[in-house]
file start.pdb (PDB, C-alpha atoms, pLDDT in the B column)
ATOM      1  CA  MET A  97       6.102  -4.207   8.895  1.00 52.00           C
ATOM      2  CA  THR A  98       5.911  -5.155   5.225  1.00 52.00           C
ATOM      3  CA  LEU A  99       2.871  -6.424   3.376  1.00 70.00           C
ATOM      4  CA  GLY A 100       4.460  -8.037   0.328  1.00 78.00           C
ATOM      5  CA  LYS A 101       5.427  -6.587  -3.007  1.00 82.00           C
ATOM      6  CA  CYS A 102       4.182  -3.161  -4.102  1.00 82.00           C
ATOM      7  CA  LEU A 103       1.275  -3.504  -6.538  1.00 76.00           C
ATOM      8  CA  TRP A 104       2.575  -0.859  -8.947  1.00 75.00           C
ATOM      9  CA  ASP A 105       3.872  -2.196 -12.282  1.00 74.00           C
ATOM     10  CA  GLY A 106       7.638  -2.566 -12.349  1.00 78.00           C
ATOM     11  CA  CYS A 107       8.162  -1.682  -8.676  1.00 82.00           C
ATOM     12  CA  THR A 108      10.283  -4.130  -6.674  1.00 83.00           C
ATOM     13  CA  ARG A 109       9.863  -2.516  -3.257  1.00 85.00           C
ATOM     14  CA  HIS A 110       7.749  -3.837  -0.387  1.00 83.00           C
ATOM     15  CA  ALA A 111       4.289  -2.419   0.267  1.00 81.00           C
ATOM     16  CA  VAL A 112       3.877  -0.541   3.542  1.00 77.00           C
ATOM     17  CA  LYS A 113       0.180   0.381   3.340  1.00 71.00           C
ATOM     18  CA  ALA A 114      -2.493  -2.327   3.336  1.00 72.00           C
ATOM     19  CA  ALA A 115      -5.158  -0.008   1.893  1.00 71.00           C
ATOM     20  CA  THR A 116      -3.183   0.876  -1.244  1.00 71.00           C
ATOM     21  CA  GLY A 117      -0.722  -2.009  -1.537  1.00 76.00           C
ATOM     22  CA  ALA A 118       1.907   0.610  -2.313  1.00 78.00           C
ATOM     23  CA  CYS A 119       5.481   1.120  -1.182  1.00 82.00           C
ATOM     24  CA  ARG A 120       6.380   4.304   0.676  1.00 80.00           C
ATOM     25  CA  ALA A 121       7.269   6.254  -2.497  1.00 80.00           C
ATOM     26  CA  HIS A 122       4.094   5.303  -4.379  1.00 77.00           C
ATOM     27  CA  HIS A 123       1.906   5.884  -1.308  1.00 75.00           C
ATOM     28  CA  ALA A 124       3.310   9.432  -1.115  1.00 78.00           C
ATOM     29  CA  LEU A 125       2.231   9.981  -4.744  1.00 78.00           C
ATOM     30  CA  LEU A 126      -1.310   8.879  -3.887  1.00 77.00           C
ATOM     31  CA  ARG A 127      -1.436  10.972  -0.711  1.00 80.00           C
ATOM     32  CA  GLU A 128      -0.775  14.193  -2.628  1.00 84.00           C
ATOM     33  CA  ALA A 129      -2.816  13.383  -5.760  1.00 88.00           C
ATOM     34  CA  ARG A 130      -6.240  14.947  -6.298  1.00 92.00           C
ATOM     35  CA  CYS A 131      -9.058  14.347  -8.787  1.00 93.00           C
ATOM     36  CA  GLU A 132      -9.130  16.859 -11.658  1.00 94.00           C
ATOM     37  CA  LYS A 133     -12.902  17.150 -11.476  1.00 93.00           C
ATOM     38  CA  CYS A 134     -13.879  17.237  -7.775  1.00 94.00           C
ATOM     39  CA  GLN A 135     -10.461  17.659  -6.075  1.00 94.00           C
ATOM     40  CA  GLY A 136     -11.129  14.545  -3.964  1.00 91.00           C
ATOM     41  CA  PRO A 137      -8.273  12.200  -3.014  1.00 88.00           C
ATOM     42  CA  LEU A 138      -7.197   9.447  -5.412  1.00 85.00           C
ATOM     43  CA  ALA A 139      -7.026   5.950  -3.939  1.00 79.00           C
ATOM     44  CA  SER A 140      -5.374   3.681  -6.524  1.00 79.00           C
ATOM     45  CA  ARG A 141      -2.899   3.500  -9.361  1.00 79.00           C
ATOM     46  CA  GLN A 142      -5.734   3.402 -11.922  1.00 85.00           C
ATOM     47  CA  GLU A 143      -7.234   6.590 -10.497  1.00 87.00           C
ATOM     48  CA  LEU A 144      -3.826   8.274 -10.532  1.00 86.00           C
ATOM     49  CA  GLU A 145      -3.300   7.328 -14.196  1.00 86.00           C
ATOM     50  CA  SER A 146      -6.723   8.643 -15.249  1.00 91.00           C
ATOM     51  CA  ARG A 147      -6.518  11.618 -12.841  1.00 92.00           C
ATOM     52  CA  LEU A 148     -10.156  10.995 -11.858  1.00 92.00           C
ATOM     53  CA  CYS A 149     -11.482   9.443  -8.643  1.00 91.00           C
ATOM     54  CA  ARG A 150     -13.827   6.452  -8.822  1.00 90.00           C
ATOM     55  CA  PRO A 151     -17.087   8.435  -8.367  1.00 91.00           C
ATOM     56  CA  CYS A 152     -16.124  10.891 -11.130  1.00 91.00           C
ATOM     57  CA  THR A 153     -15.144   7.995 -13.428  1.00 88.00           C
ATOM     58  CA  ILE A 154     -18.557   6.364 -12.876  1.00 86.00           C
ATOM     59  CA  ILE A 155     -20.388   9.634 -13.582  1.00 80.00           C
ATOM     60  CA  ARG A 156     -18.320  10.154 -16.726  1.00 70.00           C
ATOM     61  CA  ALA A 157     -19.148   6.637 -18.007  1.00 67.00           C
ATOM     62  CA  ALA A 158     -22.883   7.042 -17.469  1.00 60.00           C
TER      63      ALA A 158
END

call {"tool": "encode", "arguments": {"input": "start.pdb", "output": "structure tokens"}}
result
Amino acid sequence: MTLGKCLWDGCTRHAVKAATGACRAHHALLREARCEKCQGPLASRQELESRLCRPCTIIRAA
């Protein structure tokens, strides 16, 4: 089952996970990635690039 193109910039593979919109290789990167601050899981490409999960990013901005 494919869900369309992977949402990561420059990737031409098909997405296999509806929650992340990522292909198998990029989903594996997200699965193993952890937030630098709280060690929680990262859920998107933006979180992976900043190395902070969404709650920690919100706290940091406040």

call {"tool": "residues_around", "arguments": {"input": "start.pdb", "residues": "segment 131-133 of chain A", "least_positions_apart": "4", "cutoff": "12 Å", "atoms": "all atoms listed in the file", "output": "PyMOL selection string"}}
result
chain A and resi 126-127+137-140+142-153+155-156

call {"tool": "closest_residue", "arguments": {"input": "start.pdb", "among": "A:Gln135, A:Leu103, A:Arg141, A:Ile154", "to": "Cys119 of chain A", "atoms": "all atoms listed in the file"}}
result
A:Leu103

call {"tool": "atom_distance", "arguments": {"input": "start.pdb", "atom1": "atom CA of Ala118 of chain A", "atom2": "atom CA of Gly100 of chain A"}}
result
9.4 Å

call {"tool": "atom_distance", "arguments": {"input": "start.pdb", "atom1": "atom CA of Gly106 of chain A", "atom2": "atom CA of Gly136 of chain A"}}
result
26.7 Å

call {"tool": "residues_near_point", "arguments": {"input": "start.pdb", "point": "(10.3, -5.5, -1.2)", "cutoff": "7 Å", "atoms": "all atoms listed in the file", "output": "MDAnalysis selection string"}}
result
chainID A and resid 100:101 108:111

call {"tool": "write_last_selection", "arguments": {"input": "start.pdb", "atoms": "C-alpha atoms", "output": "short mmCIF file (atom, residue, chain, number, x, y, z; two decimals), keeping the file's coordinate frame"}}
result
data_model
loop_
_atom_site.label_atom_id
_atom_site.label_comp_id
_atom_site.auth_asym_id
_atom_site.auth_seq_id
_atom_site.Cartn_x
_atom_site.Cartn_y
_atom_site.Cartn_z
CA GLY A 100 4.46 -8.04 0.33
CA LYS A 101 5.43 -6.59 -3.01
CA THR A 108 10.28 -4.13 -6.67
CA ARG A 109 9.86 -2.52 -3.26
CA HIS A 110 7.75 -3.84 -0.39
CA ALA A 111 4.29 -2.42 0.27
#

call {"tool": "build_atoms", "arguments": {"input": "start.pdb", "residues": "segment 124-148 of chain A", "atoms": "N, CA and C atoms", "output": "compact mmCIF listing (two decimals), keeping the file's coordinate frame"}}
result
# COMPACT_ATOMS: atom_id res chain seq x y z
N ALA A 124 3.17 7.97 -1.19
CA ALA A 124 3.31 9.43 -1.12
C ALA A 124 2.71 10.08 -2.36
N LEU A 125 2.85 9.45 -3.52
CA LEU A 125 2.23 9.98 -4.74
C LEU A 125 0.72 10.01 -4.61
N LEU A 126 0.14 8.94 -4.07
CA LEU A 126 -1.31 8.88 -3.89
C LEU A 126 -1.79 9.89 -2.85
N ARG A 127 -1.03 10.07 -1.79
CA ARG A 127 -1.44 10.97 -0.71
C ARG A 127 -1.60 12.40 -1.22
N GLU A 128 -0.75 12.82 -2.14
CA GLU A 128 -0.78 14.19 -2.63
C GLU A 128 -1.63 14.37 -3.88
N ALA A 129 -2.07 13.30 -4.50
CA ALA A 129 -2.82 13.38 -5.76
C ALA A 129 -4.29 13.72 -5.51
N ARG A 130 -4.84 14.54 -6.39
CA ARG A 130 -6.24 14.95 -6.30
C ARG A 130 -6.93 14.76 -7.64
N CYS A 131 -8.24 14.51 -7.60
CA CYS A 131 -9.06 14.35 -8.79
C CYS A 131 -9.14 15.68 -9.53
N GLU A 132 -9.05 15.64 -10.86
CA GLU A 132 -9.13 16.86 -11.66
C GLU A 132 -10.52 17.49 -11.62
N LYS A 133 -11.53 16.67 -11.42
CA LYS A 133 -12.90 17.15 -11.48
C LYS A 133 -13.41 17.67 -10.13
N CYS A 134 -13.29 16.87 -9.07
CA CYS A 134 -13.88 17.24 -7.78
C CYS A 134 -12.84 17.58 -6.71
N GLN A 135 -11.57 17.42 -7.00
CA GLN A 135 -10.46 17.66 -6.08
C GLN A 135 -10.45 16.70 -4.88
N GLY A 136 -11.15 15.57 -5.01
CA GLY A 136 -11.13 14.54 -3.96
C GLY A 136 -9.85 13.74 -4.06
N PRO A 137 -9.50 13.00 -3.00
CA PRO A 137 -8.27 12.20 -3.01
C PRO A 137 -8.38 11.00 -3.95
N LEU A 138 -7.26 10.64 -4.56
CA LEU A 138 -7.20 9.45 -5.41
C LEU A 138 -6.73 8.28 -4.56
N ALA A 139 -7.28 7.09 -4.82
CA ALA A 139 -7.03 5.95 -3.94
C ALA A 139 -6.29 4.78 -4.59
N SER A 140 -6.04 4.82 -5.89
CA SER A 140 -5.37 3.68 -6.52
C SER A 140 -4.53 4.14 -7.71
N ARG A 141 -3.75 3.20 -8.20
CA ARG A 141 -2.90 3.50 -9.36
C ARG A 141 -3.74 3.85 -10.58
N GLN A 142 -4.86 3.14 -10.78
CA GLN A 142 -5.73 3.40 -11.92
C GLN A 142 -6.30 4.82 -11.85
N GLU A 143 -6.71 5.24 -10.66
CA GLU A 143 -7.23 6.59 -10.50
C GLU A 143 -6.14 7.62 -10.77
N LEU A 144 -4.93 7.35 -10.31
CA LEU A 144 -3.83 8.27 -10.53
C LEU A 144 -3.51 8.41 -12.02
N GLU A 145 -3.57 7.29 -12.76
CA GLU A 145 -3.30 7.33 -14.20
C GLU A 145 -4.37 8.08 -14.97
N SER A 146 -5.64 7.95 -14.55
CA SER A 146 -6.72 8.64 -15.25
C SER A 146 -6.95 10.04 -14.70
N ARG A 147 -6.37 10.33 -13.53
CA ARG A 147 -6.52 11.62 -12.84
C ARG A 147 -7.95 11.92 -12.41
N LEU A 148 -8.78 10.86 -12.32
CA LEU A 148 -10.16 11.00 -11.86
C LEU A 148 -10.41 9.97 -10.76
